[in-house]
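File shown: target-v2.txt. Contents: compact mmCIF, C-alpha atoms.
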# COMPACT_ATOMS: atom_id res chain seq x y z
CA MET C 1093 98.03 104.57 130.75
CA LEU C 1094 97.85 101.71 128.28
CA ALA C 1095 94.90 99.89 129.80
CA VAL C 1096 91.53 99.38 128.27
CA VAL C 1097 90.23 96.68 130.59
CA VAL C 1098 91.03 96.21 134.24
CA VAL C 1099 91.03 92.88 136.02
CA PHE C 1100 91.85 93.23 139.68
CA GLY C 1101 93.93 90.47 141.20
CA GLY C 1102 92.95 88.59 144.29
CA GLY C 1103 90.88 85.69 143.06
CA GLY C 1104 87.56 87.57 143.10
CA GLY C 1105 87.32 87.64 139.32
CA GLY C 1106 85.80 91.14 139.12
CA ALA C 1107 86.02 94.71 140.31
CA LEU C 1108 86.75 95.11 144.00
CA ALA C 1109 84.07 96.58 146.22
CA LEU C 1110 84.65 100.28 146.76
CA GLN C 1111 86.08 101.25 150.12
CA PRO C 1112 85.72 104.64 151.84
CA SER C 1113 89.19 105.91 150.85
CA SER C 1114 91.03 107.78 148.11
CA GLY C 1115 91.46 104.46 146.35
CA ASN C 1116 87.83 104.80 145.25
CA ALA C 1117 88.78 107.35 142.60
CA VAL C 1118 91.55 105.14 141.28
CA ARG C 1119 89.27 102.13 141.10
CA ALA C 1120 86.57 104.20 139.41
CA TYR C 1121 89.14 105.42 136.90
CA PHE C 1122 90.16 101.86 136.02
CA GLU C 1123 86.53 100.73 135.78
CA ALA C 1124 85.79 103.60 133.40
CA TRP C 1125 88.64 102.32 131.24
CA ASN C 1126 86.95 98.94 131.35
CA ARG C 1127 83.84 100.49 129.80
CA ARG C 1128 85.85 102.72 127.43
CA ASP C 1129 84.00 105.60 129.08
CA MET C 1130 86.59 108.36 128.85
CA GLU C 1131 84.29 111.02 130.25
CA ALA C 1132 83.80 108.97 133.40
CA ALA C 1133 87.54 108.38 133.56
CA VAL C 1134 88.32 112.09 133.31
CA ALA C 1135 85.66 112.83 135.93
CA CYS C 1136 87.84 111.00 138.47
CA PHE C 1137 90.42 113.83 138.21
CA ALA C 1138 90.48 117.33 139.64
CA GLU C 1139 90.28 120.23 137.17
CA ASP C 1140 93.97 121.12 137.51
CA ALA C 1141 95.22 117.55 137.73
CA THR C 1142 98.52 116.52 136.17
CA TYR C 1143 99.17 113.12 134.65
CA GLU C 1144 102.61 111.93 133.63
CA ASP C 1145 103.36 108.87 131.56
CA THR C 1146 107.12 108.38 131.42
CA GLN C 1147 106.84 107.11 127.83
CA TYR C 1148 106.14 110.74 126.92
CA ALA C 1149 108.44 113.71 127.26
CA GLY C 1150 106.08 115.85 129.35
CA ALA C 1151 103.05 115.73 131.63
CA PHE C 1152 99.41 116.18 130.62
CA ARG C 1153 98.04 119.13 132.57
CA GLY C 1154 94.34 119.72 133.09
CA LYS C 1155 91.30 117.71 132.10
CA ALA C 1156 91.30 118.78 128.45
CA ALA C 1157 94.83 117.51 127.82
CA LEU C 1158 94.12 114.32 129.77
CA ARG C 1159 90.89 113.68 127.86
CA ALA C 1160 92.65 114.08 124.50
CA HIS C 1161 95.39 111.68 125.61
CA LEU C 1162 92.95 109.04 126.84
CA LEU C 1163 90.86 109.20 123.66
CA ARG C 1164 93.98 108.89 121.49
CA VAL C 1165 95.23 105.87 123.42
CA ALA C 1166 91.80 104.21 123.49
CA ALA C 1167 91.52 104.55 119.72
CA ALA C 1168 94.96 103.00 119.21
CA LEU C 1169 94.68 99.89 121.37
CA PRO C 1170 92.98 96.63 120.39
CA GLU C 1171 90.04 95.51 122.51
CA SER C 1172 91.92 92.36 123.50
CA PHE C 1173 94.31 94.34 125.69
CA GLU C 1174 93.72 93.98 129.43
CA PHE C 1175 95.42 95.97 132.15
CA VAL C 1176 95.72 93.51 135.00
CA VAL C 1177 96.24 95.03 138.44
CA ASP C 1178 98.53 92.79 140.46
CA GLY C 1179 98.31 94.88 143.61
CA LEU C 1180 96.85 98.10 144.97
CA ALA C 1181 98.12 99.91 148.09
CA ASP C 1182 95.88 102.61 149.56
CA ALA C 1183 97.58 105.00 152.01
CA GLY C 1184 94.76 107.49 152.29
CA ASP C 1185 95.67 110.37 150.01
CA THR C 1186 98.18 108.29 148.01
CA VAL C 1187 97.46 105.12 146.04
CA GLY C 1188 100.02 102.81 144.44
CA VAL C 1189 99.18 100.26 141.74
CA ARG C 1190 101.30 97.46 140.29
CA TRP C 1191 100.11 96.16 136.93
CA HIS C 1192 100.85 94.28 133.73
CA VAL C 1193 99.20 94.20 130.30
CA GLU C 1194 97.65 91.11 128.72
CA SER C 1195 96.17 90.36 125.32
CA ASN C 1196 93.62 87.56 125.13
CA GLY C 1197 94.72 86.36 128.54
CA LYS C 1198 98.44 86.24 127.71
CA ALA C 1199 100.91 88.62 129.31
CA LEU C 1200 102.68 90.90 126.84
CA PRO C 1201 106.46 91.31 126.99
CA PHE C 1202 107.85 94.58 128.34
CA ALA C 1203 104.39 95.61 129.51
CA ARG C 1204 104.65 95.79 133.29
CA GLY C 1205 104.79 98.81 135.50
CA CYS C 1206 103.61 100.80 138.49
CA SER C 1207 101.45 103.88 138.93
CA MET C 1208 101.17 106.37 141.76
CA TYR C 1209 98.15 108.58 142.35
CA GLU C 1210 97.54 111.42 144.79
CA CYS C 1211 94.01 112.47 145.70
CA ASP C 1212 92.54 115.57 147.31
CA ASP C 1213 90.17 115.73 150.27
CA GLY C 1214 87.22 115.35 147.93
CA GLY C 1215 88.49 112.03 146.60
CA LEU C 1216 89.54 113.34 143.17
CA ILE C 1217 92.90 112.47 141.64
CA VAL C 1218 95.20 115.50 141.53
CA SER C 1219 98.25 113.75 140.08
CA GLY C 1220 99.08 110.48 138.37
CA PHE C 1221 102.45 109.02 137.48
CA ASP C 1222 102.92 105.91 135.30
CA VAL C 1223 106.24 104.05 135.24
CA PRO C 1224 106.28 101.21 132.67
CA GLU C 1225 109.29 98.99 132.12
CA PRO C 1226 112.21 101.15 130.96
CA ALA C 1227 112.62 101.88 127.26
CA PRO C 1228 115.86 103.09 125.65
CA PHE C 1229 114.01 106.19 124.42
CA LYS C 1230 110.68 107.89 125.05
CA PRO C 1231 108.43 106.51 122.27
CA GLY C 1232 105.47 108.76 123.09
CA ASP C 1233 103.21 109.34 120.09
CA ALA C 1234 105.54 107.36 117.82
CA GLY C 1235 105.13 104.27 119.96
CA LEU C 1236 101.40 104.82 120.14
CA ALA C 1237 101.20 105.20 116.36
CA LEU C 1238 103.11 101.94 115.88
CA LEU C 1239 100.83 100.18 118.35
CA SER C 1240 97.78 101.60 116.60
CA PHE C 1241 99.10 100.42 113.24
CA ALA C 1242 99.68 96.88 114.55
CA SER C 1243 96.25 96.88 116.17
CA ASN C 1244 94.55 97.92 112.94
CA LEU C 1245 96.34 95.20 110.99
CA ILE C 1246 95.13 92.61 113.50
CA LYS C 1247 91.55 93.85 113.32
CA GLU C 1248 91.57 94.40 109.55
CA PRO C 1249 94.00 92.02 107.80
CA ALA C 1250 92.82 93.49 104.48
CA ARG C 1251 95.05 96.49 105.23
CA LEU C 1252 97.96 94.25 104.28
CA ALA C 1253 96.97 94.69 100.62
CA PRO C 1254 97.60 98.46 100.40
CA LEU C 1255 100.58 98.07 102.74
CA ALA C 1256 102.22 95.50 100.45
CA CYS C 1257 101.48 97.63 97.40
CA PHE C 1258 102.91 100.68 99.17
CA VAL C 1259 106.18 98.89 99.94
CA VAL C 1260 106.59 97.53 96.40
CA TYR C 1261 105.53 100.85 94.85
CA CYS C 1262 108.05 102.91 96.79
CA GLN C 1263 110.83 100.37 96.33
CA GLN C 1264 110.32 100.11 92.58
CA LEU C 1265 109.63 103.78 91.92
CA PHE C 1266 112.28 105.39 94.09
CA LEU C 1267 114.98 102.78 94.69
CA ALA C 1268 115.06 99.90 92.19
CA GLU C 1269 117.29 99.83 89.12
CA GLY C 1270 116.52 97.68 86.08
CA GLN C 1271 113.61 95.76 87.61
CA LEU C 1272 109.91 96.41 86.95
CA LEU C 1273 110.11 100.04 85.83
CA PRO C 1274 112.44 101.44 83.17
CA GLY C 1275 114.77 104.38 83.58
CA PRO C 1276 116.96 105.56 86.46
CA SER C 1277 115.69 105.58 90.05
CA ALA C 1278 115.02 108.74 92.03
CA LEU C 1279 118.35 108.23 93.79
CA GLN C 1280 120.15 108.94 90.52
CA LEU C 1281 118.75 112.50 90.44
CA ASP C 1282 118.52 112.23 86.66
CA PRO C 1283 118.43 115.80 85.17
CA ALA C 1284 116.12 114.72 82.33
CA THR C 1285 113.55 113.47 84.82
CA TRP C 1286 113.53 116.73 86.75
CA ILE C 1287 113.15 118.70 83.51
CA GLU C 1288 110.22 116.47 82.61
CA VAL C 1289 108.63 117.09 86.01
CA ARG C 1290 109.10 120.84 85.61
CA ASP C 1291 107.61 120.91 82.12
CA LEU C 1292 104.58 118.82 83.07
CA SER C 1293 103.97 121.05 86.08
CA LEU C 1294 104.11 124.19 83.94
CA ASN C 1295 101.58 122.62 81.56
CA PHE C 1296 99.25 121.73 84.47
CA TRP C 1297 95.69 121.06 83.28
CA LEU C 1298 96.78 122.01 79.75
CA VAL C 1299 95.72 125.64 80.20
CA GLY C 1300 99.02 127.12 79.03
CA PRO C 1301 99.62 124.81 76.02
CA MET C 1302 96.10 125.47 74.70
CA LEU C 1303 96.05 129.25 75.21
CA ALA C 1304 99.68 130.12 74.47
CA PRO C 1305 101.47 127.05 73.08
CA ALA C 1306 104.61 128.93 72.07
CA ALA C 1307 105.19 130.14 75.64
CA PHE C 1308 105.11 126.70 77.28
CA PRO C 1309 107.37 123.62 77.05
CA VAL C 1310 106.67 121.03 74.37
CA VAL C 1311 105.91 117.69 76.00
CA HIS C 1312 104.50 114.54 74.44
CA PRO C 1313 100.70 115.11 74.42
CA CYS C 1314 99.94 111.55 75.50
CA LEU C 1315 102.20 112.00 78.52
CA GLU C 1316 100.57 115.35 79.34
CA ALA C 1317 97.14 113.74 79.11
CA LEU C 1318 98.19 110.85 81.33
CA PHE C 1319 99.71 113.23 83.89
CA ASN C 1320 96.56 115.34 84.10
CA VAL C 1321 94.27 112.33 84.42
CA VAL C 1322 96.37 111.14 87.37
CA LEU C 1323 96.08 114.57 89.01
CA ALA C 1324 92.34 114.76 88.37
CA TRP C 1325 91.83 111.29 89.84
CA SER C 1326 93.94 112.27 92.85
CA ALA C 1327 91.82 115.38 93.37
CA LEU C 1328 88.60 113.34 93.38
CA PHE C 1329 89.65 111.83 96.72
CA ALA C 1330 89.09 115.25 98.30
CA GLY C 1331 85.49 114.08 98.41
CA PHE C 1332 86.49 111.91 101.39
CA LEU C 1333 88.00 114.63 103.58
CA ALA C 1334 85.55 113.67 106.35
CA ASP C 1335 87.28 110.29 106.66
CA SER C 1336 89.92 111.64 109.04
CA PRO C 1337 91.72 114.89 109.86
CA ALA C 1338 94.86 113.18 108.51
CA PHE C 1339 93.34 112.82 105.05
CA LEU C 1340 93.71 116.50 104.09
CA PRO C 1341 97.54 116.40 104.04
CA THR C 1342 97.25 113.04 102.27
CA VAL C 1343 95.12 114.53 99.48
CA VAL C 1344 97.57 117.42 99.13
CA GLY C 1345 100.49 114.99 99.02
CA MET C 1346 98.73 112.90 96.37
CA GLN C 1347 99.08 115.81 93.95
CA PHE C 1348 102.84 115.29 94.15
CA LEU C 1349 103.52 111.65 95.06
CA THR C 1350 100.13 110.02 94.39
CA ASN C 1351 100.10 106.47 95.75
CA ALA C 1352 103.08 107.00 98.02
CA PHE C 1353 100.60 108.98 100.12
CA TYR C 1354 97.33 107.23 99.32
CA LEU C 1355 98.41 103.62 99.92
CA ASN C 1356 100.18 104.58 103.13
CA TYR C 1357 96.98 106.28 104.33
CA LEU C 1358 94.84 103.23 103.54
CA ALA C 1359 97.17 101.01 105.57
CA THR C 1360 97.40 103.31 108.61
CA ARG C 1361 94.17 105.35 108.68
CA GLN C 1362 92.20 106.07 111.83
CA VAL C 1363 88.60 106.64 110.79
CA ALA C 1364 86.92 109.67 112.35
CA THR C 1365 84.10 108.89 114.75
CA THR C 1366 80.59 110.12 114.01
CA LEU C 1367 80.97 112.81 116.66
CA ASP C 1368 84.09 114.15 114.92
CA VAL C 1369 82.46 114.49 111.50
CA ARG C 1370 81.93 117.96 110.10
CA PRO C 1371 80.94 118.52 106.45
CA ASN C 1372 83.67 120.11 104.35
CA PRO C 1373 82.41 122.48 101.62
CA VAL C 1374 84.99 121.27 99.11
CA ALA C 1375 84.36 117.60 99.83
CA GLU C 1376 80.58 117.99 99.61
CA SER C 1377 80.57 120.18 96.50
CA LYS C 1378 79.19 118.62 93.33
CA ALA C 1379 81.49 120.97 91.42
CA LEU C 1380 84.51 118.86 92.42
CA PRO C 1381 83.59 115.68 90.49
CA LEU C 1382 82.21 117.69 87.56
CA ALA C 1383 85.41 119.74 87.29
CA MET C 1384 87.59 116.63 87.40
CA LEU C 1385 85.39 114.98 84.78
CA ALA C 1386 85.98 118.02 82.58
CA VAL C 1387 89.75 117.67 83.10
CA PHE C 1388 89.48 114.00 82.09
CA ALA C 1389 87.55 114.92 78.94
CA LEU C 1390 90.05 117.64 78.03
CA SER C 1391 92.95 115.24 78.63
CA THR C 1392 91.32 112.63 76.40
CA TYR C 1393 90.98 115.18 73.61
CA TRP C 1394 94.61 116.23 74.08
CA PHE C 1395 95.78 112.59 74.01
CA PHE C 1396 94.38 112.17 70.49
CA GLU C 1397 94.48 115.69 69.03
CA GLY C 1398 97.05 117.72 70.96
CA ARG C 1399 100.23 118.98 69.24
CA VAL C 1400 99.43 117.39 65.88
CA ASP C 1401 102.15 119.40 64.15
CA ASP C 1402 104.81 118.09 66.52
CA PHE C 1403 103.69 114.49 67.11
CA GLY C 1404 101.73 113.54 64.00
CA ASP C 1405 98.63 111.41 63.56
CA LEU C 1406 97.36 108.84 66.04
CA PRO C 1407 99.48 105.83 64.94
CA THR C 1408 102.61 107.97 64.94
CA ARG C 1409 102.02 109.46 68.37
CA LEU C 1410 101.09 106.09 69.85
CA ASP C 1411 104.34 104.58 68.56
CA SER C 1412 106.38 107.39 70.07
CA PHE C 1413 104.41 107.25 73.32
CA TRP C 1414 105.00 103.51 73.62
CA ALA C 1415 108.72 104.11 73.11
CA LEU C 1416 108.60 106.76 75.84
CA LEU C 1417 106.85 104.40 78.29
CA SER C 1418 109.46 101.71 77.65
CA GLN C 1419 112.34 103.93 78.77
CA ASP C 1420 110.91 106.67 81.00
CA ARG C 1421 110.33 105.91 84.70
CA LEU C 1422 108.12 108.92 85.33
CA ALA C 1423 105.82 108.11 82.42
CA SER C 1424 105.54 104.44 83.34
CA SER C 1425 104.87 105.36 86.98
CA PHE C 1426 101.74 107.24 85.88
CA VAL C 1427 100.38 104.02 84.39
CA VAL C 1428 101.08 102.25 87.68
CA ASP C 1429 99.28 105.06 89.52
CA LEU C 1430 96.18 104.60 87.39
CA VAL C 1431 96.13 100.85 88.01
CA LEU C 1432 96.49 101.30 91.78
CA TYR C 1433 93.81 103.98 91.91
CA ALA C 1434 91.48 101.65 90.00
CA LEU C 1435 92.13 98.89 92.53
CA PHE C 1436 91.80 100.95 95.70
CA GLN C 1437 89.56 103.92 94.85
CA SER C 1438 86.50 102.42 96.58
CA TRP C 1439 88.18 101.53 99.90
CA LEU C 1440 86.96 104.69 101.60
CA VAL C 1441 83.36 104.29 100.41
CA PRO C 1442 81.90 101.93 103.09
CA ASP C 1443 82.85 104.24 105.97
CA ASP C 1444 81.68 107.25 103.97
CA LEU C 1445 78.27 105.62 103.53
CA ASP C 1446 78.13 104.82 107.24
CA ARG C 1447 78.73 108.49 108.06
CA ARG C 1448 75.86 109.42 105.77
CA GLY C 1449 73.43 106.91 107.26
CA VAL C 1450 72.93 104.94 104.03
CA ALA C 1451 71.20 101.63 104.75
CA ASP C 1452 71.32 100.01 101.30
CA LYS C 1453 74.99 100.45 100.47
CA MET C 1454 75.42 97.97 97.64
CA PRO C 1455 74.27 100.12 94.66
CA LEU C 1456 76.60 102.99 95.57
CA ARG C 1457 79.45 100.62 96.41
CA LEU C 1458 79.11 98.96 93.01
CA LEU C 1459 79.04 102.36 91.33
CA ALA C 1460 82.18 103.46 93.19
CA SER C 1461 84.05 100.35 92.04
CA VAL C 1462 84.06 101.56 88.41
CA PRO C 1463 87.44 103.25 87.79
CA PHE C 1464 87.32 107.05 87.75
CA PHE C 1465 83.82 107.45 86.26
CA GLY C 1466 82.27 105.42 89.06
CA LEU C 1467 83.97 107.63 91.63
CA VAL C 1468 82.64 110.72 89.85
CA GLY C 1469 79.16 109.19 89.85
CA TYR C 1470 79.43 108.22 93.51
CA LEU C 1471 80.40 111.74 94.59
CA LEU C 1472 77.43 113.10 92.63
CA ALA C 1473 74.88 110.52 93.81
CA ARG C 1474 75.69 110.06 97.51
CA PRO C 1475 73.45 111.81 100.07
CA PRO C 1476 74.77 114.89 101.88
CA LEU C 1477 76.76 114.58 105.08
CA ILE C 1478 74.92 115.95 108.11
CA ALA C 1479 76.83 117.08 111.20
CA PRO C 1480 75.71 115.28 114.41
CA ASP C 1481 74.45 118.50 115.99
CA GLU C 1482 72.35 119.24 112.91
CA GLY C 1483 70.77 115.81 112.59

Can I see the file as structure tokens?
Amino acid sequence: MLAVVVVFGGGGGGALALQPSSGNAVRAYFEAWNRRDMEAAVACFAEDATYEDTQYAGAFRGKAALRAHLLRVAAALPESFEFVVDGLADAGDTVGVRWHVESNGKALPFARGCSMYECDDGGLIVSGFDVPEPAPFKPGDAGLALLSFASNLIKEPARLAPLACFVVYCQQLFLAEGQLLPGPSALQLDPATWIEVRDLSLNFWLVGPMLAPAAFPVVHPCLEALFNVVLAWSALFAGFLADSPAFLPTVVGMQFLTNAFYLNYLATRQVATTLDVRPNPVAESKALPLAMLAVFALSTYWFFEGRVDDFGDLPTRLDSFWALLSQDRLASSFVVDLVLYALFQSWLVPDDLDRRGVADKMPLRLLASVPFFGLVGYLLARPPLIAPDEG
């Protein structure tokens, strides 16, 4: 069911008066949608009810599955959507509804359909069957995700900024040749690039090169420092794991493809409701920002003092590092990552402060706008997250 508001036809301009028939449950279900009251909507169904939407491959069986479906759809649809009932036929234990969807009073294309409901002797719906206009394939969750994405862009046009950066970032980093970034694209599968990735990964957090330098690959120290700062900055975002269940795989992905994951998340995110929030020990730990600050400090030292015998004094290593940046796509992409993190690191802060019940948000928001160090300070200074059932 794609409705969030129900307007019954017939010139009355409001909900129809309830009649002593099985149609009462159907009307109550629609009216619950009108209030976005999913518990009341689910209460119109019997415990073992089945609900089938032909946009999905299978039926939703039982109240738990139906509740999850309704909540997911309600979160995805803009408030302007109205499910207009053009006709309702009540045959006692069977009710048929003909409907179309409107947005701001205008009918949407390919958004008409019919629904059939069967009710038991107690007036509860035991089965529902939605038949929207035919689609060439069953879009299911993919269609809902696309609709949710479009809805979020309409409600928050600012999401266009990370979306545009995401498109340009991926195109330039993975596909483009001879444009903004030097070196071959990912499509070229350049062996030197993959060797560079391997060596940087082996030297992760500089532990190996500092403890046993002869046993680990020799990589330009400025590049190693830059690589580890990017990873440390990426790890800081684990402090926002309460933002959404989808953010955990994003944070993991950021350790490998940084802004390809982060910018996409900013453009498409569904913020967790207050009732969904549960404190995560890693996200709430003060050790996280302190550890990443230590990695930053170590990387800074390594940038200036690492591998002196191989890369010389500061002017010499800076000259060679600049030459590397001018011809190496991986190295130059790290610089782009740092710039994008600086621009977008504070985007998750307002919702994080809301979850924590902070009234005066401006000081912490200003702190979080300072690249890297401000994010460290924010994660240290923010109040703890309290679960709803503990508050």

message: Report, in Å to a single decimal, how far apart CA of Val1322 in chain C and CA of Gly1345 in chain C are.
response: 12.9 Å

Would you give me, as JSON lines, each residue of range 1274-1299 of chain C having an atom within 12 Å of an atom of range 1394-1408 of chain C, along with its shortest atom pair and that distance in Å to one decimal, using all atoms listed in the file and sorting by chain and residue number?
{"residue": "C:Trp1297", "atom": "CA", "partner": "C:Trp1394", "partner_atom": "CA", "distance": 10.4}
{"residue": "C:Leu1298", "atom": "CA", "partner": "C:Trp1394", "partner_atom": "CA", "distance": 8.4}
{"residue": "C:Val1299", "atom": "CA", "partner": "C:Trp1394", "partner_atom": "CA", "distance": 11.3}

query: Which polymer residues, protein or nucleic acid, are no farther than 6 Å from (103.1, 114.4, 84.4), counting all atoms listed in the file, as a PyMOL selection string?
result: chain C and resi 1292+1316+1319

Keeping only C-alpha atoms, write those residues as a PDB file, in the coordinates of the input.
ATOM      1  CA  LEU C1292     104.580 118.820  83.070  1.00  0.00           C
ATOM      2  CA  GLU C1316     100.570 115.350  79.340  1.00  0.00           C
ATOM      3  CA  PHE C1319      99.710 113.230  83.890  1.00  0.00           C
TER       4      PHE C1319
END

statement: With distances taken over all atoms listed in the file, the candidate from C:Asp1444, C:Trp1325, C:Tyr1393, C:Lys1453 nearest Gly1466 in chain C is C:Trp1325

- prompt: In Å, with one decimal, what is the gap from CA of Pro1276 in chain C to CA of Gln1264 in chain C?
  reply: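 Here the two named atoms are 10.5 Å from each other.
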
- request: Have a look at CA of Trp1191 in chain C and CA of Met1208 in chain C and let me know their distance in Å, one decimal.
  value: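 About the pair CA of Trp1191 in chain C and CA of Met1208 in chain C: they are 11.3 Å apart.
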
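Shortest separation to Val1369 in chain C among C:Ala1386, C:Leu1238, C:Ala1460, C:Ala1479 occurs at residue C:Ala1479, atoms counted being all atoms listed in the file.
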
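Nearest to Trp1286 in chain C of all the residues C:Leu1422, C:Leu1162, C:Ala1327, C:Leu1456 is C:Leu1422, based on all atoms listed in the file.
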
field: Who sits within 12 Å of Asp1452 in chain C, all atoms listed in the file, same chain under 5 positions skipped, as a ChimeraX atom specification
entry: /C:1442,1445-1446,1457-1458,1474

query: List as a ChimeraX atom specification: which residues have an atom within 12 Å of (97.6, 115.5, 149.8), counting all atoms listed in the file?
result: /C:1114,1183-1187,1209-1219

With only C-alpha atoms as the counted atoms, please give the residues lying no more than 10 Å from Ala1151 in chain C, apart from itself and same-chain residues fewer than 3 positions off, as a PDB file with C-alpha atoms, in the frame of the given file.
ATOM      1  CA  THR C1142      98.520 116.520 136.170  1.00  0.00           C
ATOM      2  CA  TYR C1143      99.170 113.120 134.650  1.00  0.00           C
ATOM      3  CA  GLU C1144     102.610 111.930 133.630  1.00  0.00           C
ATOM      4  CA  ASP C1145     103.360 108.870 131.560  1.00  0.00           C
ATOM      5  CA  THR C1146     107.120 108.380 131.420  1.00  0.00           C
ATOM      6  CA  TYR C1148     106.140 110.740 126.920  1.00  0.00           C
ATOM      7  CA  GLY C1154      94.340 119.720 133.090  1.00  0.00           C
ATOM      8  CA  ALA C1157      94.830 117.510 127.820  1.00  0.00           C
ATOM      9  CA  LEU C1158      94.120 114.320 129.770  1.00  0.00           C
ATOM     10  CA  SER C1219      98.250 113.750 140.080  1.00  0.00           C
ATOM     11  CA  GLY C1220      99.080 110.480 138.370  1.00  0.00           C
ATOM     12  CA  PHE C1221     102.450 109.020 137.480  1.00  0.00           C
TER      13      PHE C1221
END
